[in-house]
>>> print(open('entry30.cif').read())   # mmCIF, C-alpha atoms and all ligand atoms
data_input
#
loop_
_atom_site.label_atom_id
_atom_site.label_comp_id
_atom_site.auth_asym_id
_atom_site.auth_seq_id
_atom_site.Cartn_x
_atom_site.Cartn_y
_atom_site.Cartn_z
CA MET A 1389 31.91 -6.15 -2.44
CA HIS A 1390 29.01 -7.57 -4.41
CA ILE A 1391 26.13 -7.40 -1.99
CA SER A 1392 23.01 -6.30 -3.80
CA LEU A 1393 20.66 -3.75 -2.33
CA GLN A 1394 18.08 -6.52 -2.07
CA ASP A 1395 20.50 -8.62 0.01
CA LEU A 1396 21.19 -5.69 2.30
CA PHE A 1397 17.44 -5.32 2.89
CA GLU A 1398 17.21 -9.04 3.65
CA GLN A 1399 20.01 -8.82 6.21
CA ILE A 1400 18.01 -6.39 8.36
CA ASP A 1401 14.55 -7.64 7.48
CA GLY A 1402 14.06 -9.69 10.65
CA ILE A 1403 14.77 -6.77 12.96
CA GLY A 1404 11.58 -5.37 14.51
CA ASN A 1405 9.52 -7.05 11.79
CA GLY A 1406 5.94 -7.50 12.96
CA GLY A 1407 4.68 -8.96 9.69
CA GLU A 1408 1.40 -7.29 8.73
CA LEU A 1409 1.89 -4.87 11.60
CA GLY A 1410 4.96 -3.45 9.92
CA TYR A 1411 8.42 -2.65 11.24
CA THR A 1412 8.87 -1.17 14.72
CA ARG A 1413 12.42 0.04 15.26
CA LEU A 1414 12.30 2.85 17.79
CA ALA A 1415 15.43 4.71 18.79
CA TRP A 1416 17.67 3.30 21.52
CA THR A 1417 15.78 0.01 21.83
CA GLU A 1418 16.98 -3.56 21.34
CA GLU A 1419 15.93 -3.36 17.67
CA ASP A 1420 17.87 -0.14 17.22
CA ALA A 1421 20.91 -1.72 18.89
CA GLN A 1422 20.79 -4.57 16.36
CA LEU A 1423 20.52 -2.11 13.47
CA ARG A 1424 23.40 -0.03 14.80
CA ALA A 1425 25.54 -3.15 15.26
CA TRP A 1426 24.71 -4.12 11.67
CA PHE A 1427 25.72 -0.66 10.41
CA ARG A 1428 29.02 -0.86 12.23
CA GLU A 1429 29.65 -4.31 10.82
CA GLN A 1430 28.94 -3.06 7.28
CA ALA A 1431 31.38 -0.18 7.78
CA GLU A 1432 34.11 -2.50 9.05
CA LEU A 1433 33.44 -5.09 6.33
CA ARG A 1434 34.19 -2.36 3.78
CA GLY A 1435 37.26 -1.09 5.62
CA LEU A 1436 35.53 2.24 6.34
CA LEU A 1437 36.51 4.21 9.41
CA TYR A 1438 33.65 3.85 11.88
CA GLU A 1439 32.77 6.41 14.54
CA VAL A 1440 29.87 7.75 16.57
CA ASP A 1441 29.52 11.52 16.87
CA ARG A 1442 28.70 13.44 20.06
CA ALA A 1443 24.96 13.17 19.30
CA GLY A 1444 24.92 9.40 18.81
CA ASN A 1445 24.84 9.44 14.99
CA GLN A 1446 26.91 6.70 13.35
CA TRP A 1447 29.39 7.55 10.58
CA ALA A 1448 31.41 5.41 8.19
CA TRP A 1449 34.21 7.26 6.37
CA TRP A 1450 35.74 6.23 3.07
CA GLY A 1451 39.10 7.97 2.68
CA GLY A 1452 39.59 8.73 6.36
CA ARG A 1453 38.10 11.14 8.85
CA PRO A 1454 37.40 14.53 7.24
CA THR A 1455 38.68 17.85 8.57
CA PRO A 1456 37.56 21.44 7.92
CA GLU A 1457 40.58 21.66 5.57
CA ASP A 1458 39.59 18.48 3.71
CA PRO A 1459 35.83 18.26 4.21
CA ALA A 1460 33.75 15.26 3.24
CA ILE A 1461 30.82 14.60 0.96
CA THR A 1462 28.25 12.79 3.04
CA THR A 1463 25.13 10.76 2.40
CA GLY A 1464 22.87 8.39 4.33
CA SER A 1465 19.60 8.51 6.24
CA HIS A 1466 18.13 6.70 9.25
CA LEU A 1467 17.49 3.08 10.22
CA ASP A 1468 14.89 3.79 12.93
CA SER A 1469 11.16 3.73 12.18
CA VAL A 1470 7.79 4.85 13.46
CA PRO A 1471 5.75 2.15 15.27
CA GLY A 1472 4.42 -0.12 12.52
CA GLY A 1473 6.35 1.60 9.76
CA GLY A 1474 7.44 0.41 6.35
CA GLN A 1475 10.59 -1.19 5.04
CA PHE A 1476 11.90 1.79 3.10
CA ASP A 1477 11.45 5.00 5.10
CA GLY A 1478 14.95 5.51 6.33
CA PRO A 1479 16.77 2.27 5.52
CA LEU A 1480 16.58 2.90 1.75
CA GLY A 1481 18.88 5.91 2.17
CA VAL A 1482 21.45 4.08 4.34
CA LEU A 1483 21.46 0.86 2.31
CA SER A 1484 21.61 2.74 -1.01
CA ALA A 1485 24.62 4.67 0.32
CA LEU A 1486 26.45 1.40 1.11
CA ALA A 1487 25.50 -0.02 -2.29
CA ALA A 1488 26.59 3.21 -4.05
CA ILE A 1489 30.03 3.02 -2.43
CA ASP A 1490 30.32 -0.63 -3.47
CA LEU A 1491 29.40 0.38 -7.01
CA LEU A 1492 31.92 3.23 -7.12
CA ARG A 1493 34.64 0.91 -5.84
CA ASP A 1494 33.74 -1.71 -8.44
CA GLN A 1495 34.14 1.00 -11.05
CA GLY A 1496 37.61 1.77 -9.71
CA PHE A 1497 36.64 5.23 -8.53
CA GLU A 1498 38.90 6.80 -5.92
CA PRO A 1499 37.49 9.81 -4.08
CA ARG A 1500 39.58 12.99 -3.83
CA HIS A 1501 37.83 13.88 -0.57
CA PRO A 1502 36.46 11.68 2.21
CA ILE A 1503 33.00 10.28 1.57
CA GLY A 1504 30.86 9.61 4.64
CA ILE A 1505 27.76 7.49 5.25
CA VAL A 1506 25.59 8.40 8.21
CA ASN A 1507 22.95 6.50 10.14
CA THR A 1508 21.32 9.35 12.05
CA SER A 1509 19.94 8.51 15.47
CA ASP A 1510 16.23 8.81 16.32
CA GLU A 1511 15.07 10.48 13.11
CA GLU A 1512 11.42 9.60 13.60
CA GLY A 1513 11.20 10.89 17.15
CA ALA A 1514 8.72 8.11 17.89
CA ARG A 1515 10.08 7.44 21.37
CA PHE A 1516 11.19 10.77 22.85
CA GLY A 1517 8.85 13.04 20.91
CA ILE A 1518 11.34 15.06 18.88
CA ALA A 1519 11.83 14.26 15.21
CA CYS A 1520 15.35 14.44 13.74
CA PHE A 1521 16.62 14.21 17.33
CA GLY A 1522 20.18 13.15 16.41
CA THR A 1523 20.79 15.89 13.86
CA ARG A 1524 19.09 18.55 16.00
CA VAL A 1525 21.47 17.75 18.86
CA LEU A 1526 24.43 17.53 16.46
CA THR A 1527 23.65 20.99 15.06
CA GLY A 1528 22.96 22.54 18.46
CA VAL A 1529 19.25 23.22 17.80
CA ILE A 1530 18.42 21.25 20.96
CA ASP A 1531 20.11 21.86 24.29
CA PRO A 1532 21.78 18.55 25.29
CA ASP A 1533 20.74 18.76 28.95
CA GLN A 1534 17.09 19.25 28.01
CA ALA A 1535 17.41 16.41 25.51
CA LEU A 1536 18.92 14.03 28.08
CA ALA A 1537 16.09 14.77 30.53
CA ARG A 1538 13.32 13.86 28.07
CA ALA A 1539 11.45 10.70 29.01
CA ASP A 1540 9.63 8.12 26.90
CA ALA A 1541 6.13 6.77 27.65
CA ASP A 1542 7.59 4.41 30.29
CA GLY A 1543 9.42 7.22 32.07
CA ILE A 1544 12.87 6.15 30.83
CA THR A 1545 14.97 9.23 30.16
CA LEU A 1546 17.13 9.64 27.10
CA ALA A 1547 20.15 9.72 29.40
CA GLU A 1548 19.24 6.27 30.76
CA ALA A 1549 18.56 4.92 27.27
CA LEU A 1550 21.89 6.25 25.94
CA ASP A 1551 23.72 4.74 28.90
CA GLU A 1552 22.39 1.32 27.96
CA HIS A 1553 23.74 1.82 24.43
CA GLU A 1554 27.16 2.89 25.69
CA ILE A 1555 26.82 6.47 24.49
CA ASP A 1556 28.82 8.85 26.67
CA THR A 1557 26.22 11.26 28.08
CA ASP A 1558 28.94 13.53 29.54
CA ASP A 1559 30.10 14.24 26.01
CA TYR A 1560 26.60 14.38 24.49
CA GLY A 1561 25.87 17.51 22.46
CA ALA A 1562 26.61 19.57 19.38
CA ASP A 1563 29.64 18.89 17.21
CA PRO A 1564 30.49 22.06 15.24
CA MET A 1565 33.87 20.63 14.19
CA LEU A 1566 32.17 17.69 12.49
CA LEU A 1567 29.72 20.02 10.73
CA LYS A 1568 32.62 22.14 9.47
CA SER A 1569 34.15 18.94 8.12
CA ILE A 1570 31.19 18.30 5.80
CA ALA A 1571 31.38 20.06 2.42
CA CYS A 1572 27.93 18.94 1.30
CA HIS A 1573 25.32 16.33 2.12
CA LEU A 1574 22.91 14.31 -0.02
CA GLU A 1575 20.09 12.25 1.52
CA LEU A 1576 18.28 9.66 -0.57
CA HIS A 1577 14.79 8.84 0.73
CA VAL A 1578 11.75 6.93 -0.45
CA GLU A 1579 9.11 9.35 -1.76
CA GLN A 1580 6.33 10.02 0.73
CA GLY A 1581 3.53 10.73 -1.70
CA TYR A 1582 2.07 10.07 -5.13
CA ALA A 1583 3.81 12.56 -7.44
CA LEU A 1584 6.45 10.32 -9.07
CA GLY A 1585 3.85 7.69 -9.96
CA GLU A 1586 1.78 10.41 -11.64
CA ILE A 1587 4.77 11.98 -13.41
CA GLY A 1588 6.17 8.58 -14.41
CA SER A 1589 9.73 9.10 -13.13
CA PRO A 1590 11.72 6.74 -10.88
CA ILE A 1591 13.52 9.57 -9.13
CA ALA A 1592 13.24 13.25 -8.20
CA VAL A 1593 15.41 15.97 -6.72
CA ALA A 1594 13.93 17.84 -3.75
CA SER A 1595 13.34 21.57 -3.92
CA HIS A 1596 12.29 22.26 -0.35
CA ILE A 1597 10.56 21.06 2.78
CA TRP A 1598 7.15 22.66 3.08
CA PRO A 1599 6.34 25.15 5.81
CA HIS A 1600 4.46 23.46 8.62
CA GLY A 1601 2.41 24.68 11.52
CA ARG A 1602 0.43 23.20 14.37
CA TRP A 1603 -2.50 24.87 16.08
CA GLU A 1604 -5.09 24.03 18.69
CA VAL A 1605 -8.76 24.92 18.42
CA ARG A 1606 -10.89 25.05 21.55
CA LEU A 1607 -14.63 24.80 20.97
CA GLN A 1608 -16.57 25.80 24.05
CA GLY A 1609 -20.03 24.46 24.91
CA GLU A 1610 -22.09 23.75 28.01
CA SER A 1611 -22.31 20.29 29.47
CA ASN A 1612 -25.73 18.93 30.31
CA HIS A 1613 -27.75 15.73 30.50
CA ALA A 1614 -28.04 13.83 27.22
CA GLY A 1615 -31.56 12.65 28.06
CA THR A 1616 -33.21 15.67 29.61
CA THR A 1617 -31.86 18.62 27.59
CA PRO A 1618 -34.08 19.46 24.58
CA MET A 1619 -32.24 19.93 21.33
CA GLY A 1620 -33.20 23.60 21.14
CA ARG A 1621 -31.63 24.37 24.52
CA ARG A 1622 -28.26 22.77 23.92
CA CYS A 1623 -24.92 24.43 23.47
CA ASP A 1624 -23.10 21.44 22.00
CA PRO A 1625 -19.48 21.99 20.83
CA MET A 1626 -19.80 18.91 18.60
CA ASN A 1627 -21.84 21.07 16.19
CA GLN A 1628 -18.98 23.57 16.02
CA LEU A 1629 -16.61 20.64 15.51
CA ALA A 1630 -18.64 19.48 12.52
CA ASP A 1631 -18.41 23.01 11.05
CA LEU A 1632 -14.68 23.09 11.75
CA ILE A 1633 -14.02 19.75 10.06
CA VAL A 1634 -15.89 20.81 6.92
CA ALA A 1635 -14.24 24.25 6.88
CA VAL A 1636 -10.72 22.76 7.28
CA ARG A 1637 -11.22 20.41 4.38
CA GLU A 1638 -12.78 23.01 2.05
CA SER A 1639 -10.12 25.58 2.81
CA ALA A 1640 -7.21 23.16 2.33
CA VAL A 1641 -8.59 22.03 -1.03
CA ARG A 1642 -9.16 25.66 -2.11
CA HIS A 1643 -5.61 26.74 -1.28
CA ASP A 1644 -3.78 23.58 -2.42
CA ALA A 1645 -2.69 22.83 1.16
CA VAL A 1646 -3.00 19.77 3.39
CA ALA A 1647 -4.74 20.17 6.73
CA THR A 1648 -5.43 17.56 9.36
CA ILE A 1649 -7.45 17.34 12.52
CA GLY A 1650 -5.75 14.29 13.97
CA ARG A 1651 -6.47 14.46 17.68
CA LEU A 1652 -9.57 15.37 19.64
CA THR A 1653 -9.95 15.89 23.36
CA VAL A 1654 -13.57 15.78 24.43
CA ILE A 1655 -14.42 17.13 27.88
CA PRO A 1656 -15.72 15.25 29.80
CA ASN A 1657 -15.93 12.52 27.11
CA GLY A 1658 -19.03 10.73 28.37
CA VAL A 1659 -21.63 8.89 26.33
CA ASN A 1660 -24.58 10.43 28.16
CA VAL A 1661 -23.18 13.93 28.63
CA ILE A 1662 -23.35 16.81 26.17
CA ALA A 1663 -19.71 17.87 25.89
CA ALA A 1664 -18.56 20.97 27.72
CA ALA A 1665 -15.70 21.54 25.30
CA VAL A 1666 -13.81 19.94 22.45
CA ILE A 1667 -10.14 20.62 21.79
CA ALA A 1668 -8.99 19.79 18.27
CA SER A 1669 -5.43 19.63 16.95
CA LEU A 1670 -4.84 21.25 13.58
CA ASP A 1671 -1.81 20.53 11.40
CA VAL A 1672 -1.48 22.64 8.21
CA ARG A 1673 1.22 22.38 5.55
CA ALA A 1674 1.53 23.63 1.99
CA SER A 1675 4.14 24.22 -0.64
CA HIS A 1676 4.21 27.94 0.23
CA GLU A 1677 3.73 29.90 3.42
CA ASP A 1678 1.05 32.08 1.77
CA ALA A 1679 -1.17 29.02 1.32
CA VAL A 1680 -0.84 28.04 4.99
CA GLY A 1681 -1.67 31.62 5.92
CA ALA A 1682 -4.74 31.59 3.67
CA VAL A 1683 -6.06 28.42 5.36
CA LEU A 1684 -5.59 29.97 8.80
CA ALA A 1685 -7.32 33.16 7.65
CA ASP A 1686 -10.31 31.07 6.52
CA LEU A 1687 -10.45 29.46 9.97
CA ALA A 1688 -10.09 32.70 11.95
CA ARG A 1689 -13.63 32.44 13.34
CA PHE A 1690 -12.57 29.30 15.24
CA ALA A 1691 -9.71 31.26 16.89
CA PRO A 1692 -6.93 28.67 16.36
CA ARG A 1693 -4.05 29.07 18.81
CA ARG A 1694 -0.58 28.50 17.32
CA GLU A 1695 1.53 25.80 18.99
CA SER A 1696 4.47 25.53 16.60
CA TRP A 1697 5.69 26.90 13.30
CA THR A 1698 8.45 25.66 11.02
CA ALA A 1699 9.26 27.82 8.01
CA SER A 1700 10.15 26.35 4.60
CA THR A 1701 13.61 24.86 4.20
CA TYR A 1702 15.02 25.30 0.70
CA PHE A 1703 17.80 22.91 -0.22
CA ASP A 1704 21.07 24.21 -1.64
CA THR A 1705 20.49 25.09 -5.30
CA SER A 1706 24.08 24.55 -6.37
CA VAL A 1707 24.36 21.05 -4.82
CA SER A 1708 20.87 20.21 -6.12
CA GLY A 1709 21.95 21.37 -9.58
CA ILE A 1710 25.06 19.17 -9.53
CA VAL A 1711 22.94 16.22 -8.35
CA SER A 1712 20.27 16.83 -10.98
CA GLN A 1713 22.90 17.00 -13.74
CA ALA A 1714 24.56 13.76 -12.60
CA VAL A 1715 21.21 11.97 -12.28
CA SER A 1716 19.97 13.10 -15.68
CA GLU A 1717 23.11 11.70 -17.31
CA GLU A 1718 22.37 8.35 -15.65
CA ILE A 1719 18.61 8.10 -16.26
CA GLY A 1720 18.53 9.91 -19.59
CA SER A 1721 16.19 12.71 -18.59
CA VAL A 1722 16.19 15.64 -16.20
CA PRO A 1723 14.66 14.43 -12.90
CA PRO A 1724 11.55 16.27 -11.72
CA VAL A 1725 11.82 18.63 -8.76
CA LEU A 1726 9.50 18.00 -5.81
CA GLY A 1727 8.78 19.70 -2.52
CA THR A 1728 7.86 17.56 0.46
CA GLY A 1729 5.48 17.91 3.36
CA ALA A 1730 7.60 15.62 5.57
CA GLY A 1731 10.55 16.69 7.70
CA HIS A 1732 14.05 15.23 7.20
CA ASP A 1733 17.53 15.29 8.75
CA ALA A 1734 18.63 16.82 5.44
CA GLY A 1735 16.54 19.88 6.30
CA VAL A 1736 18.15 20.17 9.73
CA LEU A 1737 21.64 20.00 8.18
CA GLN A 1738 20.72 22.53 5.50
CA ASN A 1739 19.43 24.91 8.18
CA ALA A 1740 22.72 24.45 10.06
CA GLY A 1741 24.62 25.74 7.04
CA VAL A 1742 25.65 22.44 5.43
CA PRO A 1743 24.86 22.69 1.69
CA THR A 1744 22.38 19.85 1.30
CA ALA A 1745 20.26 18.15 -1.35
CA MET A 1746 17.81 15.24 -1.42
CA LEU A 1747 16.83 12.52 -3.87
CA PHE A 1748 13.42 10.81 -3.77
CA VAL A 1749 12.84 7.30 -5.12
CA ARG A 1750 9.33 6.58 -6.46
CA ASN A 1751 6.87 5.10 -3.98
CA THR A 1752 4.40 3.00 -5.97
CA THR A 1753 1.67 3.08 -3.33
CA GLY A 1754 2.26 6.65 -2.19
CA ALA A 1755 1.72 5.47 1.40
CA SER A 1756 4.16 6.44 4.15
CA HIS A 1757 4.72 5.51 7.81
CA THR A 1758 2.85 2.26 7.15
CA PRO A 1759 3.94 -1.19 5.91
CA ALA A 1760 2.03 -0.33 2.69
CA GLU A 1761 4.83 1.96 1.48
CA HIS A 1762 6.63 0.39 -1.47
CA ALA A 1763 9.42 1.04 -3.93
CA ASP A 1764 10.10 -1.33 -6.84
CA PRO A 1765 13.53 -3.02 -6.85
CA GLU A 1766 14.32 -1.49 -10.27
CA ASP A 1767 13.59 2.01 -8.97
CA CYS A 1768 15.75 1.36 -5.90
CA GLU A 1769 18.58 0.24 -8.21
CA THR A 1770 18.15 3.42 -10.24
CA GLY A 1771 18.44 5.29 -6.96
CA VAL A 1772 21.77 3.60 -6.16
CA VAL A 1773 23.19 4.36 -9.62
CA ALA A 1774 21.96 7.96 -9.39
CA LEU A 1775 23.39 8.37 -5.89
CA ALA A 1776 26.75 6.95 -6.97
CA ALA A 1777 26.88 9.30 -9.97
CA ALA A 1778 25.94 12.26 -7.80
CA LEU A 1779 28.61 11.45 -5.17
CA GLN A 1780 31.22 11.11 -7.90
CA THR A 1781 30.27 14.47 -9.42
CA MET A 1782 30.14 16.17 -6.00
CA ASP A 1783 33.60 14.81 -5.25
CA ALA A 1784 34.90 16.39 -8.45
CA GLY A 1785 32.94 19.57 -7.72
CA ASP A 1786 35.87 21.91 -7.06
CA GLU A 1787 38.15 20.62 -9.82
ZN ZN B 1 12.50 8.97 6.88
#
>>> encode(input="entry30.cif", output="structure tokens", more="lines below")
Ligand SMILES: [Zn+2]
Amino acid sequence: MHISLQDLFEQIDGIGNGGELGYTRLAWTEEDAQLRAWFREQAELRGLLYEVDRAGNQWAWWGGRPTPEDPAITTGSHLDSVPGGGQFDGPLGVLSALAAIDLLRDQGFEPRHPIGIVNTSDEEGARFGIACFGTRVLTGVIDPDQALARADADGITLAEALDEHEIDTDDYGADPMLLKSIACHLELHVEQGYALGEIGSPIAVASHIWPHGRWEVRLQGESNHAGTTPMGRRCDPMNQLADLIVAVRESAVRHDAVATIGRLTVIPNGVNVIAAAVIASLDVRASHEDAVGAVLADLARFAPRRESWTASTYFDTSVSGIVSQAVSEEIGSVPPVLGTGAGHDAGVLQNAGVPTAMLFVRNTTGASHTPAEHADPEDCETGVVALAAALQTMDAGDE
């Protein structure tokens, strides 16, 4: 097979491509169906054994289906996107995996253990509201019945959507046998940030996924007439909001965290009414849990109410070490180690006990979840070579 990575990108480029509006490839839609059909075709074209697991994730096995006795080395990522996303977030990992296998075959490499490529289903969670949906169901983090009952914005349930894509909902759920048949996993992903541009490296190995919490802040005021209430008599929650916004920014900068007020609910939200209350969302992430805690401590006077908390996920140090060694032999220097503030299927698999590592390919704009994200073709090629070298070394891992 001599299909370049660039050609692979061209083959799927027309799918969900809205031009300047970016790529919209939500899970279990017509666009997703086209991408899944393409993945299957690529697997069959290469003589790989194709199958769909109980959670709707697609797999292509080189060297046959793995078993717990002869577990596989797996790689891959996701083909779905956020609404108006970029070209690379997700597809780069799947397409690089296909290209890496082509490269290994061209080199005459024969794996001792099965090697698997995965296209995980609904990684972005843009349609049914749960990120890493496919791997969370696969690993049993989400109850399948609750998952199937979730509805999208049009009221279509996941069960109905899966039906349309010929996924057996009776069999939908966790697949512990498959997880036991994976020795280790490596996800390649476009960088979602600016670090590699600043460091000057085409590639990095991930250390961990940052801890991440969401809170809600309710700022209470008193509604009144915008024309007849003197300024001195007002109890306007917008003033508290202004204080909150400044405090969030200052605290995040002080503690080397990132904090975002991304959604506001104004009650009653009228142009001629002083607001009765404002409810602000607050998303805080940092490299370490102490930093997130310090930001929240700074904001204690606003009484934030916690909605969700995800602790740090550290990737497997031994797999990451093997990957780093293999990559450094290919690129001539030890790749930098980066944490990430974004969630990934790799983190879900690691938390489920699959030894997992990640590779990041430099993003020259640093932008993510927008068509502005970009990786240079040369860096993507370096990613393929690095991935191939890492898979080869992982395969030889227990020699
Ligand atoms: Zn992604």
>>> residues_near_point(input="entry30.cif", point="(13.6, 24.6, -0.5)", cutoff="6 Å", atoms="all atoms listed in the file", output="list in words")
Ser1595, His1596, Ile1597, Thr1701, Tyr1702 and Phe1703 of chain A
>>> residues_near_ligand(input="entry30.cif", ligand="ligand ZN 1 (chain B)", cutoff="12 Å", atoms="all atoms listed in the file", output="PyMOL selection string")
chain A and resi 1464-1470+1473-1482+1507-1514+1519-1520+1575-1580+1728-1735+1746+1748+1756-1758+1761
>>> residues_around(input="entry30.cif", residues="Leu1393 of chain A", least_positions_apart="3", cutoff="8 Å", atoms="all atoms listed in the file", output="PyMOL selection string")
chain A and resi 1396-1397+1483-1484+1487+1768-1769
>>> closest_residue(input="entry30.cif", among="A:Gly1472, A:His1613, A:Tyr1438, A:Asp1563", to="Tyr1411 of chain A", atoms="all atoms listed in the file")
A:Gly1472
>>> atom_distance(input="entry30.cif", atom1="atom CA of Asp1441 of chain A", atom2="atom CA of Ala1745 of chain A")
21.5 Å
>>> residues_near_point(input="entry30.cif", point="(33.2, 16.5, -8.1)", cutoff="12 Å", atoms="all atoms listed in the file", output="list in words")
Ala1460, Ile1461, Phe1497, Glu1498, Pro1499, Arg1500, His1501, Pro1502, Ile1503, Ala1571, Cys1572, Val1707, Ile1710, Val1711, Gln1713, Ala1714, Ala1776, Ala1777, Ala1778, Leu1779, Gln1780, Thr1781, Met1782, Asp1783, Ala1784, Gly1785, Asp1786 and Glu1787 of chain A
>>> atom_distance(input="entry30.cif", atom1="atom CA of Val1646 of chain A", atom2="atom CA of Pro1625 of chain A")
24.1 Å
>>> atom_distance(input="entry30.cif", atom1="atom CA of Ser1696 of chain A", atom2="atom CA of Gly1517 of chain A")
13.9 Å
>>> residues_around(input="entry30.cif", residues="segment 1600-1606 of chain A", least_positions_apart="6", cutoff="7 Å", atoms="all atoms listed in the file", output="JSON, numbers by chain")
{"A": [1666, 1667, 1668, 1669, 1670, 1671, 1672, 1673, 1690, 1691, 1692, 1693, 1694, 1695, 1696, 1697, 1698, 1699]}
>>> closest_residue(input="entry30.cif", among="A:Ile1655, A:Ala1448, A:Leu1632, A:Leu1574", to="Gly1709 of chain A", atoms="all atoms listed in the file")
A:Leu1574
>>> closest_residue(input="entry30.cif", among="A:Gly1410, A:Gly1588, A:Val1773, A:Trp1450", to="Gln1495 of chain A", atoms="all atoms listed in the file")
A:Val1773
>>> residues_around(input="entry30.cif", residues="Val1529 of chain A", least_positions_apart="2", cutoff="9 Å", atoms="only C-alpha atoms", output="PyMOL selection string")
chain A and resi 1523-1527+1531+1562+1736+1740
>>> residues_around(input="entry30.cif", residues="Leu1584 of chain A", least_positions_apart="4", cutoff="10 Å", atoms="all atoms listed in the file", output="mmCIF file with C-alpha atoms, in the frame of the given file")
data_model
loop_
_atom_site.group_PDB
_atom_site.id
_atom_site.type_symbol
_atom_site.label_atom_id
_atom_site.label_comp_id
_atom_site.auth_asym_id
_atom_site.auth_seq_id
_atom_site.Cartn_x
_atom_site.Cartn_y
_atom_site.Cartn_z
ATOM 1 C CA GLU A 1579 9.110 9.350 -1.760
ATOM 2 C CA GLN A 1580 6.330 10.020 0.730
ATOM 3 C CA GLY A 1588 6.170 8.580 -14.410
ATOM 4 C CA SER A 1589 9.730 9.100 -13.130
ATOM 5 C CA PRO A 1590 11.720 6.740 -10.880
ATOM 6 C CA ILE A 1591 13.520 9.570 -9.130
ATOM 7 C CA ALA A 1592 13.240 13.250 -8.200
ATOM 8 C CA PRO A 1723 14.660 14.430 -12.900
ATOM 9 C CA PRO A 1724 11.550 16.270 -11.720
ATOM 10 C CA VAL A 1725 11.820 18.630 -8.760
ATOM 11 C CA LEU A 1726 9.500 18.000 -5.810
ATOM 12 C CA PHE A 1748 13.420 10.810 -3.770
ATOM 13 C CA VAL A 1749 12.840 7.300 -5.120
ATOM 14 C CA ARG A 1750 9.330 6.580 -6.460
ATOM 15 C CA ASN A 1751 6.870 5.100 -3.980
ATOM 16 C CA THR A 1752 4.400 3.000 -5.970
ATOM 17 C CA GLY A 1754 2.260 6.650 -2.190
#
>>> closest_residue(input="entry30.cif", among="A:Thr1770, A:Thr1462, A:Thr1648, A:Gln1628", to="Glu1717 of chain A", atoms="only C-alpha atoms")
A:Thr1770
